[in-house]
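Participant: Got a structure for you, questions after.
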Amino acid sequence: HEDRRWEFGCQATFGQSAECYWTNYVNDFDQALLFECPAEHVMTGTSSYHNDYFEDRRWRFYCCRSPCVTKDCHWTSYVNSFDEYFTWTVPSRNILVGAQSYHQNHEDWRFYCCRSPCVTKDCHWTSYVNSFDEYFTWTVPSRNILVGAQSYHQNHEEDRRWRYKVCVQYRC
């Protein structure tokens, strides 16, 4: 079975600014992934493609500067075991800032979160942003922040489908 474990990180933000950018791909196939947006930035999008030979994905992330970023940050425990479905949401008043995953014919994930002095409301889950073995690029809607991830693995395709939880964020 091919899959990854994931770990994500969270950090405070309010809205989006013009100071956003896509990273290069942050991992190679069958290699660990460890990524944090730089200081004063938050994760606001993901992009990935799958390779059938490696049965793995390469990832890049969209980071935006935020005036509400704090330095009170932590890594979660791994949120899944190989091949397992997971739903993960940041703790209250936190936001997603980074991700960690390793691949041993599976994916295990964990996330990096940072405390936010801002308030989130009107949260919802997106529909799935990819099909199996498909390239995808996704960014949060305007004035929203990324606060959660949900994913399930299919053994036949040896891949995962992804959806995200987003909220409107307001200054305190």
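Scheme for the structure tokens: letters A, B, ... for chains in order shown; per-chain residue numbers from 1; ligand numbers from 1 in order shown.
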Skipping near chain neighbours, those fewer than 3 positions away, what residues fall within 7 Å of A:Cys123 using only C-alpha atoms, listed as a ChimeraX atom specification?

Facilitator: /A:165-168

Participant: List the neighbours of A:Ser77 out to 8 Å using only C-alpha atoms; skip same-chain residues closer than 2 positions along the sequence, and give me the result as a VMD selection string.

Facilitator: chain A and resid 7 75 79 110 to 111

Participant: Please produce a file of the residues just selected, as a tab-separated table (two decimals), in the first residue's frame, where the atoms kept are N, CA and C atoms.

Facilitator:
```tsv
chain	number	residue	atom	x	y	z
A	7	GLU	N	1.23	15.86	8.82
A	7	GLU	CA	1.20	16.73	9.99
A	7	GLU	C	1.18	18.16	9.47
A	75	TRP	N	3.49	21.76	16.62
A	75	TRP	CA	3.18	20.65	15.71
A	75	TRP	C	2.16	19.75	16.36
A	79	VAL	N	-1.93	12.71	12.42
A	79	VAL	CA	-3.39	12.67	12.41
A	79	VAL	C	-3.94	11.42	11.75
A	110	ARG	N	1.01	15.25	9.70
A	110	ARG	CA	0.79	16.08	10.87
A	110	ARG	C	0.91	17.53	10.44
A	111	PHE	N	0.42	18.45	11.28
A	111	PHE	CA	0.27	19.84	10.87
A	111	PHE	C	0.89	20.79	11.88
```

Participant: Which residue, A:Val129, A:Val90, A:Trp109, A:Trp162, has the smallest gap to A:Val147 when you use only C-alpha atoms?

Facilitator: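 Closest candidate: A:Val90.
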
Participant: Which of these residues is nearest to A:Asp122, using only C-alpha atoms: A:Phe54, A:Tyr170, A:Tyr152, A:Phe61?

Facilitator: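 The answer is A:Tyr170, which sits nearest to A:Asp122.
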
Participant: Near stretch 101-103 of chain A, within 12 Å and counting only C-alpha atoms, which residues show up once chain neighbours fewer than 3 positions away are dropped, as a PyMOL selection string?

Facilitator: chain A and resi 1-9+26-35+54-59+75-83+98+106-112+158-159

Participant: Residues of chain A in strand (DSSP E) according to DSSP, as a ChimeraX atom specification?

Facilitator: /A:3-10,20-22,33-36,41-51,56-65,73-75,86-89,94-103,106-115,119-125,136-139,144-154,159-170

Participant: For atom CA of A:Cys114 and atom CA of A:Tyr128, determine how far apart the two atoms are, in Å to one decimal place.

Facilitator: 25.1 Å

Participant: Restricting the calculation to only C-alpha atoms: of A:Trp88, A:Trp22, A:Trp125, A:Phe136, which residue gets closest to A:His50?

Facilitator: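 Nearest to A:His50: A:Phe136.
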
Participant: Any idea what the distance is between atom CA of A:Phe86 and atom CA of A:Arg160?

Facilitator: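 Between these atoms lies a distance of 10.7 Å.
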
Participant: Interatomic distance between atom CA of A:Thr137 and atom CA of A:Arg163?

Facilitator: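 Atom-to-atom, atom CA of A:Thr137 and atom CA of A:Arg163 are spaced 11.8 Å apart.
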
Participant: What lies within 10 Å of A:Cys20 using only C-alpha atoms, ignoring chain neighbours under 5 positions off, as a VMD selection string?

Facilitator: chain A and resid 41 to 44 62 to 66

Participant: Hey, can you spit out that residue selection with N, CA and C atoms as a tab-separated table (two decimals), in the first residue's frame?

Facilitator:
```tsv
chain	number	residue	atom	x	y	z
A	41	HIS	N	3.54	34.71	7.82
A	41	HIS	CA	2.78	34.18	6.68
A	41	HIS	C	1.95	32.98	7.13
A	42	VAL	N	0.87	32.72	6.41
A	42	VAL	CA	0.00	31.58	6.69
A	42	VAL	C	-0.23	30.79	5.41
A	43	MET	N	-0.59	29.53	5.56
A	43	MET	CA	-0.86	28.66	4.42
A	43	MET	C	-2.28	28.94	3.90
A	44	THR	N	-2.38	29.26	2.62
A	44	THR	CA	-3.69	29.59	2.04
A	44	THR	C	-3.98	28.81	0.77
A	62	TYR	N	0.79	27.63	-1.01
A	62	TYR	CA	0.57	29.05	-1.22
A	62	TYR	C	0.59	29.72	0.15
A	63	CYS	N	1.49	30.67	0.34
A	63	CYS	CA	1.63	31.38	1.61
A	63	CYS	C	1.32	32.86	1.41
A	64	CYS	N	0.62	33.45	2.38
A	64	CYS	CA	0.31	34.88	2.33
A	64	CYS	C	0.72	35.54	3.64
A	65	ARG	N	1.23	36.76	3.50
A	65	ARG	CA	1.57	37.55	4.69
A	65	ARG	C	0.27	37.87	5.43
A	66	SER	N	0.36	37.89	6.77
A	66	SER	CA	-0.81	38.18	7.60
A	66	SER	C	-0.41	39.09	8.75
```
